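Chemist: Quick one: this structure, given as structure tokens, is what I'll be asking you about.
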Amino acid sequence: MVEVSRELDSVVQKIIDNHNKDRTSKRVLENRIKLAEKIEKFHKDADTLTDSVKKKIELIKSSEDNFILWSGHQPNLFPYLIILKKNSIIEVVRKKLEENVHQTIRVFK
């Protein structure tokens, strides 16, 4: 288990090291604002727009240096265990990043 922990720490550190603060260009920020509007509409329509969700939406619209962690799955009739594994890994990485005082947004689509 110690080896896995070291590997995870190494992965998180690589993410931090490779994160380019200049990536939030004007165009990227405009696209993030559009995405945030769609996410907000979805949550309003689904009646799931909680304070926590609102906070994450504001982070997406923000030009602050934060991490957006994406995980996705091609929908099919028979989803398999890898979907849960990918989502679990993203959650563990998110928690590690937040331990290092980095704001994160986790998106699973």
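Ordering of the structure tokens sets the chain letters (A, B, ...); residue numbers start at 1 within each chain; ligands are numbered from 1 in the order shown.
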Hey, what's within 10 Å of Ile57 in chain A if we count only C-alpha atoms and toss same-chain stuff fewer than 6 positions away? As a list in words, please?
Modeler: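 Contacts, in chain order: Arg32, Ile33, Leu35, Ala36, Glu37, Lys38, Ile39, Glu40, Leu49, Asp51 and Ile105 of chain A.
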Chemist: Go ahead and dump the residues you just picked, C-alpha atoms, as an mmCIF file, in the first residue's frame.
Modeler:
```
data_model
loop_
_atom_site.group_PDB
_atom_site.id
_atom_site.type_symbol
_atom_site.label_atom_id
_atom_site.label_comp_id
_atom_site.auth_asym_id
_atom_site.auth_seq_id
_atom_site.Cartn_x
_atom_site.Cartn_y
_atom_site.Cartn_z
ATOM 1 C CA ARG A 32 -15.461 27.770 -19.463
ATOM 2 C CA ILE A 33 -18.116 30.449 -18.886
ATOM 3 C CA LEU A 35 -19.807 25.462 -20.044
ATOM 4 C CA ALA A 36 -20.670 26.814 -16.587
ATOM 5 C CA GLU A 37 -23.913 28.294 -17.927
ATOM 6 C CA LYS A 38 -24.924 24.899 -19.379
ATOM 7 C CA ILE A 39 -24.038 23.141 -16.122
ATOM 8 C CA GLU A 40 -26.044 25.665 -14.113
ATOM 9 C CA LEU A 49 -28.434 23.328 -7.764
ATOM 10 C CA ASP A 51 -24.642 25.723 -2.662
ATOM 11 C CA ILE A 105 -13.520 20.868 -10.092
#
```
Chemist: Let's see if you can do this: from backbone DSSP, list all strand (DSSP E or B) residues in chain A, as a list of chain:residue names.
Modeler: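 Listing strand (DSSP E or B) positions across chain A yields A:Phe67, A:Ile68, A:Leu69, A:Trp70, A:Ser71, A:Thr104, A:Ile105, A:Arg106, A:Val107, A:Phe108.
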Chemist: Restricting it to N, CA and C atoms, dump the selection as a PDB file, in the first residue's frame.
Modeler:
```pdb
ATOM      1  N   PHE A  67      -7.775  23.561 -10.981  1.00  0.00           N
ATOM      2  CA  PHE A  67      -7.684  22.343 -11.773  1.00  0.00           C
ATOM      3  C   PHE A  67      -9.078  21.840 -12.097  1.00  0.00           C
ATOM      4  N   ILE A  68      -9.312  21.535 -13.369  1.00  0.00           N
ATOM      5  CA  ILE A  68     -10.553  20.879 -13.771  1.00  0.00           C
ATOM      6  C   ILE A  68     -10.166  19.458 -14.151  1.00  0.00           C
ATOM      7  N   LEU A  69     -10.688  18.498 -13.398  1.00  0.00           N
ATOM      8  CA  LEU A  69     -10.373  17.090 -13.620  1.00  0.00           C
ATOM      9  C   LEU A  69     -11.543  16.446 -14.358  1.00  0.00           C
ATOM     10  N   TRP A  70     -11.274  15.933 -15.544  1.00  0.00           N
ATOM     11  CA  TRP A  70     -12.311  15.353 -16.394  1.00  0.00           C
ATOM     12  C   TRP A  70     -12.160  13.840 -16.437  1.00  0.00           C
ATOM     13  N   SER A  71     -13.276  13.179 -16.430  1.00  0.00           N
ATOM     14  CA  SER A  71     -13.309  11.746 -16.677  1.00  0.00           C
ATOM     15  C   SER A  71     -14.574  11.488 -17.470  1.00  0.00           C
ATOM     16  N   THR A 104     -10.144  22.547  -7.028  1.00  0.00           N
ATOM     17  CA  THR A 104     -10.411  21.588  -8.097  1.00  0.00           C
ATOM     18  C   THR A 104     -11.900  21.544  -8.429  1.00  0.00           C
ATOM     19  N   ILE A 105     -12.168  21.143  -9.642  1.00  0.00           N
ATOM     20  CA  ILE A 105     -13.520  20.868 -10.092  1.00  0.00           C
ATOM     21  C   ILE A 105     -13.462  19.503 -10.750  1.00  0.00           C
ATOM     22  N   ARG A 106     -14.294  18.571 -10.297  1.00  0.00           N
ATOM     23  CA  ARG A 106     -14.307  17.223 -10.871  1.00  0.00           C
ATOM     24  C   ARG A 106     -15.526  17.113 -11.768  1.00  0.00           C
ATOM     25  N   VAL A 107     -15.296  16.684 -12.994  1.00  0.00           N
ATOM     26  CA  VAL A 107     -16.385  16.545 -13.966  1.00  0.00           C
ATOM     27  C   VAL A 107     -16.377  15.117 -14.483  1.00  0.00           C
ATOM     28  N   PHE A 108     -17.497  14.454 -14.398  1.00  0.00           N
ATOM     29  CA  PHE A 108     -17.647  13.113 -14.961  1.00  0.00           C
ATOM     30  C   PHE A 108     -18.764  13.175 -15.972  1.00  0.00           C
TER      31      PHE A 108
END
```
Chemist: Check chain A with DSSP on the backbone and list each residue it calls alpha helix (DSSP H), as number ranges by chain.
Modeler: A: 2-18, 26-45, 51-61, 82-99
Chemist: Hey, can you check how far CA of Asn100 in chain A sits from CA of Glu30 in chain A?
Modeler: 27.3 Å
Chemist: Skip Leu29 in chain A itself and residues of its chain fewer than 6 positions away, then list as a ChimeraX atom specification all residues within 8 Å of it, counting only C-alpha atoms.
Modeler: /A:61-63
Chemist: The selected residues should be written to file as a PDB file, in the first residue's frame (atoms: N, CA and C atoms).
Modeler:
```
ATOM      1  N   LYS A  61     -16.052  29.330 -13.886  1.00  0.00           N
ATOM      2  CA  LYS A  61     -16.080  30.642 -14.531  1.00  0.00           C
ATOM      3  C   LYS A  61     -14.897  31.512 -14.141  1.00  0.00           C
ATOM      4  N   SER A  62     -14.207  31.135 -13.108  1.00  0.00           N
ATOM      5  CA  SER A  62     -13.137  31.952 -12.553  1.00  0.00           C
ATOM      6  C   SER A  62     -11.870  31.886 -13.407  1.00  0.00           C
ATOM      7  N   SER A  63     -11.139  32.980 -13.405  1.00  0.00           N
ATOM      8  CA  SER A  63      -9.840  32.973 -14.082  1.00  0.00           C
ATOM      9  C   SER A  63      -8.731  32.549 -13.132  1.00  0.00           C
TER      10      SER A  63
END
```
Chemist: I'd like the contact shell of Asp9 in chain A - 10 Å cut-off, only C-alpha atoms, skipping same-chain residues fewer than 6 positions apart - returned as an MDAnalysis selection string.
Modeler: chainID A and resid 3 15 93 96:97
